[in-house]
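Chemist: Take this structure, written in structure tokens, and hold onto it; I'll ask about it next.
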Amino acid sequence: MQLQKGQKVNLTPGRNNLVKLTMKIGWTASSNMSIDAAAFILSARNYCERDEDFIFYGNPTAVNGAVKHSATNCKGEESIHINLSELHETTAKIAFTVTIHEGEKQGHFFKHVTDLYLRLINSESGEELLRFNYGSDLSNETAIVAGELYRYGREWKFYAIGSGFYGGLEALCTNFGLEVINEEPETAASSQSIEKPILSTIDLRKKTLKNTLIKKEMVHVKARVGIVIDISGSMLPLYRDGTVQEVVERILAIACHFDDNASLDVWVYDQYFSRLPEATEKNFDTYVVDHILNNTNIHKFGMNNEPPVMEDVIHKYINEENSDLPVFIIFINDGGVVKAIKKVIANASVQPIFWQFVGIGRSDFKVLKNLDTMEGRVVDNANFIHLNDISAVNDETLYDRLLNEFPSWIKEARLKRIIR
């Protein structure tokens, strides 16, 4: 299977005996460049919980032997061996990385490297499960997160990332929660060094989002962004398996671009609703666990009733925090909504709020499918998209679909003087 950047694939269906994997990580570079492959064993916080979870040539074997690093007979290729049955239950993912040793110092960057690839192989059968060629868009980066192997419920999936960043190995370690000790003495020159951006998963999403915004001519748009998430009983598995956490992160990337405060307003609802603390780049890693699942002050896993939370969204942006900026609301729902939302949407058509509904799962979404034909509105202020499995949709596709009608609403709302 040849993967494209941003693609996610499920590895385990039809392979009940899939236990041992080998990730071959390769490249082509000049002989004076020193390039290393590594793996970071990560918890649900996206952190290495201990130094030993960083697997590379200097620490080639994980404590329990579940992950091992080795060279191969092929020049410009290293291997990471994984035994899925031996991974600790707290392991959420394994990130595969490539770095250039002292890249900035030596003037070596990934624009000088070609034929970057990942090959995931079933170690017992020799079957190549996937291949990912990447790197044609890289320039002066010195570190890459090439891909991630991650748990999805009882399944294992792979995410083809292939995004490069500055800062080399130190930036990767810092991002994944490891302390880097610099034993070199400080010099006057070091005080003049340029601070390198630190890698984060949000950076990956922002980079993908920017391409979508360029295509839709929305790079300079400013807006406030909010997300409303269904927390009725049928959503429980999606909270437990990390799907909702990933959704928050993916939407936060939109807020980071549109909102000057780089924050995402959050609501959850069943028959009651709760307005939660905003999500930011500082707190998103464990947002769902900290502010939803472990929050005893909110009602969870009851029946769904949308109008009350929608009215609170309107109250916040129109009465409490009135502004000239438009509002972009992403509304996540996994089943039918009550018909009364039509009245709320119609009444809100004179307000600077655009409602982007996202149906997930296999419900028929009859009410939401008819949003475009609703009458009695000053402008068409709502859109609906249906995604059976939102976690299987790559970022590029998701952002393209989420932002499909928002640009046309902005133009129409300006003509009607709803926004400036």
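How things are named: the first chain in the structure tokens is A, the next is B, and so on; residues count from 1 in each chain; ligands count from 1 in the order shown.
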Need the shell around Val313 in chain A: protein/DNA/RNA residues with any atom at most 9 Å away, counting only C-alpha atoms. Skip same-chain ones fewer than 5 positions apart. Format as a ChimeraX atom specification?

Modeler: /A:226,228,267,275,308,318,329

Chemist: Using only C-alpha atoms, tabulate the residues of range 193-283 of chain A lying at most 12 Å from any atom of range 151-157 of chain A, each with its closest atom pair and that distance in Å to one decimal, by chain and increasing residue number, as a Markdown table.

Modeler:
| residue | atom | partner | partner_atom | distance |
| --- | --- | --- | --- | --- |
| A:Pro237 | CA | A:Gly153 | CA | 8.7 |
| A:Leu238 | CA | A:Gly153 | CA | 9.2 |
| A:Tyr239 | CA | A:Gly153 | CA | 10.7 |
| A:Arg240 | CA | A:Gly153 | CA | 8.2 |
| A:Asp241 | CA | A:Gly153 | CA | 5.2 |
| A:Gly242 | CA | A:Tyr152 | CA | 7.5 |
| A:Thr243 | CA | A:Tyr152 | CA | 8.2 |
| A:Val244 | CA | A:Tyr152 | CA | 11.9 |
| A:Glu246 | CA | A:Tyr152 | CA | 11.2 |

Chemist: Would you pick out the contacts of Arg414 in chain A at 12 Å or less, using only C-alpha atoms, so that residues sharing its chain but fewer than 2 positions from it are not included, and give the list as a PyMOL selection string?

Modeler: chain A and resi 324-326+350-352+378-379+407-412+416-420

Chemist: Just want the 7 Å neighbourhood of range 81-94 of chain A, counted on only C-alpha atoms, with same-chain residues fewer than 2 positions away dropped. Output as a ChimeraX atom specification.

Modeler: /A:19-23,39-44,66-69,79,96,148-151

Chemist: Considering only C-alpha atoms, return as a PyMOL selection string whatever protein or nucleic-acid residues lie within 10 Å of Phe109 in chain A, sequence-local ones (same chain, fewer than 4 positions apart) excluded.

Modeler: chain A and resi 33+99-104+113+138-143+166+168

Chemist: Considering only C-alpha atoms, return as a ChimeraX atom specification whatever protein or nucleic-acid residues lie within 6 Å of range 247-263 of chain A, sequence-local ones (same chain, fewer than 4 positions apart) excluded.

Modeler: /A:205-206,222-225,279-280

Chemist: Write a file of the selected residues as a PDB file, in the first residue's frame, keeping N, CA and C atoms.

Modeler:
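Everything below was put into selection00.pdb:
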ATOM      1  N   ARG A 205      -0.657  20.137  12.058  1.00  0.00           N
ATOM      2  CA  ARG A 205      -2.003  20.473  11.577  1.00  0.00           C
ATOM      3  C   ARG A 205      -2.029  21.876  10.971  1.00  0.00           C
ATOM      4  N   LYS A 206      -1.338  22.819  11.602  1.00  0.00           N
ATOM      5  CA  LYS A 206      -1.320  24.192  11.086  1.00  0.00           C
ATOM      6  C   LYS A 206      -0.738  24.240   9.677  1.00  0.00           C
ATOM      7  N   LYS A 222      -9.959  36.630   9.782  1.00  0.00           N
ATOM      8  CA  LYS A 222      -9.937  36.533  11.240  1.00  0.00           C
ATOM      9  C   LYS A 222     -11.350  36.193  11.722  1.00  0.00           C
ATOM     10  N   ALA A 223     -11.440  35.323  12.696  1.00  0.00           N
ATOM     11  CA  ALA A 223     -12.745  34.911  13.226  1.00  0.00           C
ATOM     12  C   ALA A 223     -12.556  34.298  14.597  1.00  0.00           C
ATOM     13  N   ARG A 224     -13.622  34.294  15.367  1.00  0.00           N
ATOM     14  CA  ARG A 224     -13.634  33.549  16.613  1.00  0.00           C
ATOM     15  C   ARG A 224     -14.142  32.140  16.307  1.00  0.00           C
ATOM     16  N   VAL A 225     -13.549  31.147  16.969  1.00  0.00           N
ATOM     17  CA  VAL A 225     -13.848  29.753  16.644  1.00  0.00           C
ATOM     18  C   VAL A 225     -14.312  29.013  17.888  1.00  0.00           C
ATOM     19  N   ALA A 279      -9.786  25.760  24.925  1.00  0.00           N
ATOM     20  CA  ALA A 279      -8.642  24.900  24.612  1.00  0.00           C
ATOM     21  C   ALA A 279      -7.551  25.737  23.954  1.00  0.00           C
ATOM     22  N   THR A 280      -6.316  25.511  24.357  1.00  0.00           N
ATOM     23  CA  THR A 280      -5.176  26.249  23.814  1.00  0.00           C
ATOM     24  C   THR A 280      -4.038  25.275  23.537  1.00  0.00           C
TER      25      THR A 280
END

Chemist: Ranking A:Leu236, A:Ile227, A:Ala160, A:Ala346 by minimum distance to Phe331 in chain A and counting only C-alpha atoms, which one comes first?

Modeler: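 Going through A:Leu236, A:Ile227, A:Ala160, A:Ala346 one by one, the smallest distance to Phe331 in chain A is for A:Ile227.
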
Chemist: Quick one: of A:Phe365, A:Phe284, A:Tyr399, A:Phe406, who's nearest to Val338 in chain A, counting only C-alpha atoms?

Modeler: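 Between A:Phe365, A:Phe284, A:Tyr399, A:Phe406, the residue approaching Val338 in chain A most closely is A:Phe365.
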
Chemist: Residues near Ala382 in chain A, anyone? I mean within 9 Å using only C-alpha atoms, not counting same-chain ones fewer than 5 positions away, as number ranges by chain.

Modeler: A: 345, 349, 353-357, 371-372, 405-406, 409

Chemist: Please return, as number ranges by chain, all residues of range 271-376 of chain A that DSSP assigns to strand (DSSP E or B) on the basis of the backbone.

Modeler: A: 273-279, 327-333, 353-360

Chemist: What gap, in Å, lies between CA of Leu178 in chain A and CA of Gln245 in chain A?

Modeler: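 Separation between CA of Leu178 in chain A and CA of Gln245 in chain A: 22.6 Å.
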
Chemist: Under the rule that only C-alpha atoms are counted, which of A:Val219, A:Val98, A:Met1, A:Leu120 is the nearest residue to Gly135 in chain A?

Modeler: A:Val98

Chemist: When DSSP works through the backbone of this structure, what residues of range 57-231 of chain A end up as alpha helix (DSSP H), shown as a list in words?

Modeler: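 After running DSSP on the backbone, range 57-231 of chain A has alpha helix (DSSP H) at Gly103, Glu104, Lys105, Gln106, Gly168, Leu169, Glu170, Ala171, Leu172, Cys173, Thr174, Asn175, Thr201, Ile202, Asp203, Leu204, Arg205, Lys206, Lys207, Thr208, Leu209, Lys210, Asn211, Thr212, Leu213, Ile214 and Lys215 of chain A.
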
Chemist: Compare A:Ile330, A:Val344, A:Val337, A:Val9 by their minimum atom-to-atom distance to Leu368 in chain A, counting only C-alpha atoms, and give me the closest one.

Modeler: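 With only C-alpha atoms as the atom set, the closest residue is A:Val337.
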